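Down below is the structure, laid out as structure tokens.
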Amino acid sequence: MPVSGIVVTCVPASAESVALKLAQLKGVEVHGVLPDGRIVAVVEADTVDGEVELVSGLEELAGVVSVQLAYHNFEQI
Amino acid sequence: MGLTRRDFIKASAAAAAFAAVGVPVVRPKGAEAAEAGITWGKAPCRYCGVGCSVLVGVKEGKIVSTKGDPAGPVNKGLNCIKGYFLSKALYGKDRLTKPLIRKGNKMVEATWDEALDLIASKYKEAIAAHGPDSVAMYGSGQWTVQEGYTASKLMKGGIGTNNLEPNARLCMASAVVAFMNTFGSDEPMGCYDDLDLGDTYVLWGANMAEAHPVLFSRLIDNKLKHPKVKLIDIATRKTRTTKMADEYIPMRPQGDLAALNGIIHVILRDRLYDEGFIKEHVNFKRGKENAPYGLKDKEAFNETPADVKGLSFEEYKELMKQFTPQWAEKMSGIPAAKIEELARVYGDKSRKVNSLWTMGVNQHSRGVWVNNLIYNLHLLTGKICRPGENPLSLTGQPSACGTAREVGTFAHRLPADMVVMNEAHRKKTAGIWGVDPNKISAKVGLHTVEMFRAIDRNEIKCIWIQCTNPFQSLPNLNRVRKAAQARKAFIVVSDIYPTRSTEVADVILPSASWVEKEGVYGNTERRTQQWFKMIEPPGQAKEDTWQLIQFAKRMGLGQLFPYSEKGMHREIWEEYRQFTIGNGKDLAPYQAYTKVRGLRWPVKPDGKETRWRYTEADDPYVKKGEGIKFYKAPGNKVNVWFRPYEPPAESPDKDYPFWFSTGRLLEHWHTGTMTGRVPELKRAVSGATIELHPEDAKKLGIRNRDLVRITSRRGSIVLPAEINGRSTPERGSVFTTFFDETKLINELCIDAFDPLSKEPDFKKCAVKVKKA
């Protein structure tokens, strides 16, 4: 099951509401919200396909500027 | 309950993300143990021209993990969404693993010897009967420096033809010509640091948020931190970039030529220019006008020195008087008041202004002119060669700069800004290559569009394509595909997956990709990045350099490549490097690159890189006290060109009433050979769609996802409509992407090209649109 660490950049005013939305998604854990509107999260899914579907969806959320990937482990674990 | 290995991996993932945003976190004990057995190596990303640094984790011969490289100055620990597919791109089920030879309609397995012997015999036969100009090679800005260098030496110094082209002709050629005719040297004076240091960014027809996401994030970081930062998006389509811009200025296709001239008119009229800078650094020129569009085969157009007229500043000002803001409004659709405002933005001495552009400007029937006009803005206002204020031409492929441009794998180029037409350049090249100077032909080879047309004309008998997919990506695709299918030439394709090009090949060769081999890439900001081989290629796949050298041996040219098996990449580098020393394009010894995350050339004698060219503040070629010196330009003076408006090759009319434009999106890259392999990408954005403006759609009775037939004078395709999706084109125009191999979009595109750069215009032709 792959795991990735991502950074979600938000319009600062929307960061809190985006973080709440992320936290409710299955497979997304919010690890922190920075004062400048960036959110650190960990994504996991059954397959890389599932991860990407999740992340592509985040890009479409209101208030999200971009989603970037810091770490990706897709060893069979 | 104790922490599991999975928890530790998750802790590592979170720690990496925190580190990337500048928050150091200590990983719990055990996280390192969870990553035990993984060996990490550095490599530039395989995809675009941004050149992000990636850490690749290998375990038991397979890639199992990737990280944005925290030590990578380009991306500072973060990758875009394509980062998810880096490793999987190599592990698709249909990887090519054996050479294949055509037998009638079938491709049958062959040994390397059989395949290479066949290729050599076909090349020899063609050369014996029709001369060296009857054969060709078509490579790519995805070639490593070593691959491109080997190809150039083989074709130009060995076989003796300049019929060598990169797919960068379809991508960067207009930028190159403008760099050469303005500054006398290719590639930018500025660098990515300008994205962090400036306060005003004008995007000319570039959807940076999707095409260059990591750079766009840097720009947005700057903007979120500094309220003064302003982002102006001038485009023909509302995109994700628009969402983040302070201002969106819609423009008619080809309107950039008029808008830029209008802005320059105001800068001159209102004396917003920097007179001192102009006096010291600028010449004014007028070139050849009323240029053709290259639609006829072999149509020749060149701007020779005899065609260029020098102008005084006064004469130039006089000529520019015709391009009033009112005229610019009429031609570009941008209101005159907005043209005035933009002139004041560029002319504002308190603003650090940057211009950014890519395919919208380059894939343009007057692409060189638009590049020239953007440079004019910066040269007239003196906003150039200073930290935080520069024009920056963005590239599309990972080594379009390092390989196609610096090594010079174009039909007219030799390494380090040299050209085949120049006798001294040929002599210098022949000296380093150890060949007779007469072997290098003075005749410019066929540029890409003509090269493939020449197949149709039965003039090119053999062509070898490596690392690219022209039978999907060329314009007026029907013509070249029909010629190939009629077996008018012997076609060799080296690639890692089956493509629309391998399907027309006579021989298919399985290649090694990315970290399956050692290599060097050069990115947009002159950064040269090296990586080592980390995993074995699958089956019998071999790197392109090996393929070329084995072929050379069979052509009796093996002596040109006396490299050792183990040190080949280093030895090729050191040989190539000789071209760059002492002429402002200096590269470092190979060893230096193995340790760092790239160096931007010219590399200084002390081994340090250069961030800004032509300025005493940073460039080792400019002495203290000289300020800014354009030392590669004749007389140290750069050119401001008078470039008027000329219409595109084809505009909408009664029969074909819509503009048709093509481009990219975030999730796919180029023709989808690598990103298309990845099922999840296909799911996120499954296939090409046609974007329409909602009002146009309503008028045509088209609803979202309805099938729509789009027809040009060259072809016709059916695509699902996308209305109010991620992007929206302006009224009267439709847009689609070219990655989808099941839809050959480029059958619709006109093969008109820029007369100076020979780069086709994929952004403008006329179509009709109907519910299917």
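For the structure tokens, the naming scheme is as follows: chains receive sequential letters (A, B, ...) according to their order of presentation, residues are indexed from 1 within each chain, and ligands are indexed from 1 in presentation order.
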Mind the document's chain letters and residue numbers, and return as an mmCIF file with C-alpha atoms, in the first residue's frame the residues of segment 125-248 of chain B that DSSP labels alpha helix (DSSP H).
data_model
loop_
_atom_site.group_PDB
_atom_site.id
_atom_site.type_symbol
_atom_site.label_atom_id
_atom_site.label_comp_id
_atom_site.auth_asym_id
_atom_site.auth_seq_id
_atom_site.Cartn_x
_atom_site.Cartn_y
_atom_site.Cartn_z
ATOM 1 C CA GLU B 125 22.650 1.557 -49.641
ATOM 2 C CA ALA B 126 20.930 4.956 -49.525
ATOM 3 C CA ILE B 127 24.202 6.865 -49.139
ATOM 4 C CA ALA B 128 25.826 4.941 -52.011
ATOM 5 C CA ALA B 129 22.913 5.587 -54.346
ATOM 6 C CA HIS B 130 21.788 9.068 -53.292
ATOM 7 C CA VAL B 145 23.737 15.326 -23.474
ATOM 8 C CA GLN B 146 25.797 12.216 -24.254
ATOM 9 C CA GLU B 147 23.151 10.822 -26.599
ATOM 10 C CA GLY B 148 22.750 14.084 -28.490
ATOM 11 C CA TYR B 149 26.491 14.583 -28.719
ATOM 12 C CA THR B 150 27.011 11.071 -30.083
ATOM 13 C CA ALA B 151 24.249 11.586 -32.646
ATOM 14 C CA SER B 152 25.703 14.912 -33.775
ATOM 15 C CA ALA B 173 13.302 26.924 -32.091
ATOM 16 C CA SER B 174 11.692 30.384 -32.086
ATOM 17 C CA ALA B 175 13.192 31.155 -28.694
ATOM 18 C CA VAL B 176 16.622 30.076 -29.950
ATOM 19 C CA VAL B 177 16.612 32.280 -33.049
ATOM 20 C CA ALA B 178 15.569 35.297 -31.011
ATOM 21 C CA PHE B 179 18.303 34.680 -28.441
ATOM 22 C CA MET B 180 20.813 34.489 -31.274
ATOM 23 C CA ASN B 181 19.637 37.503 -33.269
ATOM 24 C CA THR B 182 19.215 39.657 -30.161
ATOM 25 C CA PHE B 183 22.040 38.639 -27.799
ATOM 26 C CA ASP B 193 15.809 33.041 -8.705
ATOM 27 C CA ASP B 194 13.985 35.821 -10.543
ATOM 28 C CA LEU B 195 10.729 34.062 -9.651
ATOM 29 C CA ASP B 196 11.518 34.634 -5.969
ATOM 30 C CA LEU B 197 13.021 38.104 -6.268
ATOM 31 C CA MET B 208 2.316 27.980 -16.139
ATOM 32 C CA ALA B 209 0.170 26.440 -13.394
ATOM 33 C CA GLU B 210 -0.248 23.315 -15.510
ATOM 34 C CA ALA B 211 2.797 23.286 -17.785
ATOM 35 C CA PRO B 213 3.730 23.709 -11.874
ATOM 36 C CA VAL B 214 6.809 23.738 -9.657
ATOM 37 C CA LEU B 215 7.978 27.095 -11.013
ATOM 38 C CA PHE B 216 4.463 28.449 -10.715
ATOM 39 C CA SER B 217 4.455 27.399 -7.057
ATOM 40 C CA ARG B 218 7.667 29.348 -6.503
ATOM 41 C CA LEU B 219 6.059 32.377 -8.049
ATOM 42 C CA ILE B 220 2.925 31.951 -5.938
ATOM 43 C CA ASP B 221 5.042 31.537 -2.779
ATOM 44 C CA ASN B 222 6.640 34.873 -3.585
ATOM 45 C CA LYS B 223 3.208 36.380 -4.147
ATOM 46 C CA LEU B 224 1.725 35.029 -0.903
ATOM 47 C CA LYS B 225 4.696 36.417 1.029
ATOM 48 C CA ARG B 240 -5.705 27.411 -13.632
ATOM 49 C CA THR B 241 -3.052 30.090 -14.007
ATOM 50 C CA THR B 242 -5.805 32.683 -14.404
ATOM 51 C CA LYS B 243 -7.292 31.637 -11.061
ATOM 52 C CA MET B 244 -4.184 32.861 -9.278
#
Exercise for review: Using only C-alpha atoms, find which residues of chain A lie within 10 Å of chain B and jot them down as an MDAnalysis selection string.
Suggested key: chainID A and resid 1:12 29:32 34 36:44 47:57 59:60 65:77
**Study point:** Pairwise distance for atom CA of Leu260 of chain B and atom CA of Asn639 of chain B, rounded to one decimal in Å
**Key:** 16.2 Å
**Study point:** Surrounding residues of Leu446 of chain B excluding itself and chain neighbours under 6 positions, 9 Å, only C-alpha atoms, as a PyMOL selection string
**Key:** chain B and resi 133+136+162-165+411-412+452+454
Practice item. Show which residues sit within 9 Å of Tyr497 of chain B, as a PyMOL selection string. Count only C-alpha atoms, and ignore same-chain residues fewer than 4 positions away. Key: chain B and resi 92+94-97+502+510-511+673-674+677
Practice item. Run DSSP on the backbone and give me the residues of segment 485-545 of chain B it puts in strand (DSSP E), as a PyMOL selection string. Key: chain B and resi 490-495+507-510+519-522+527-531
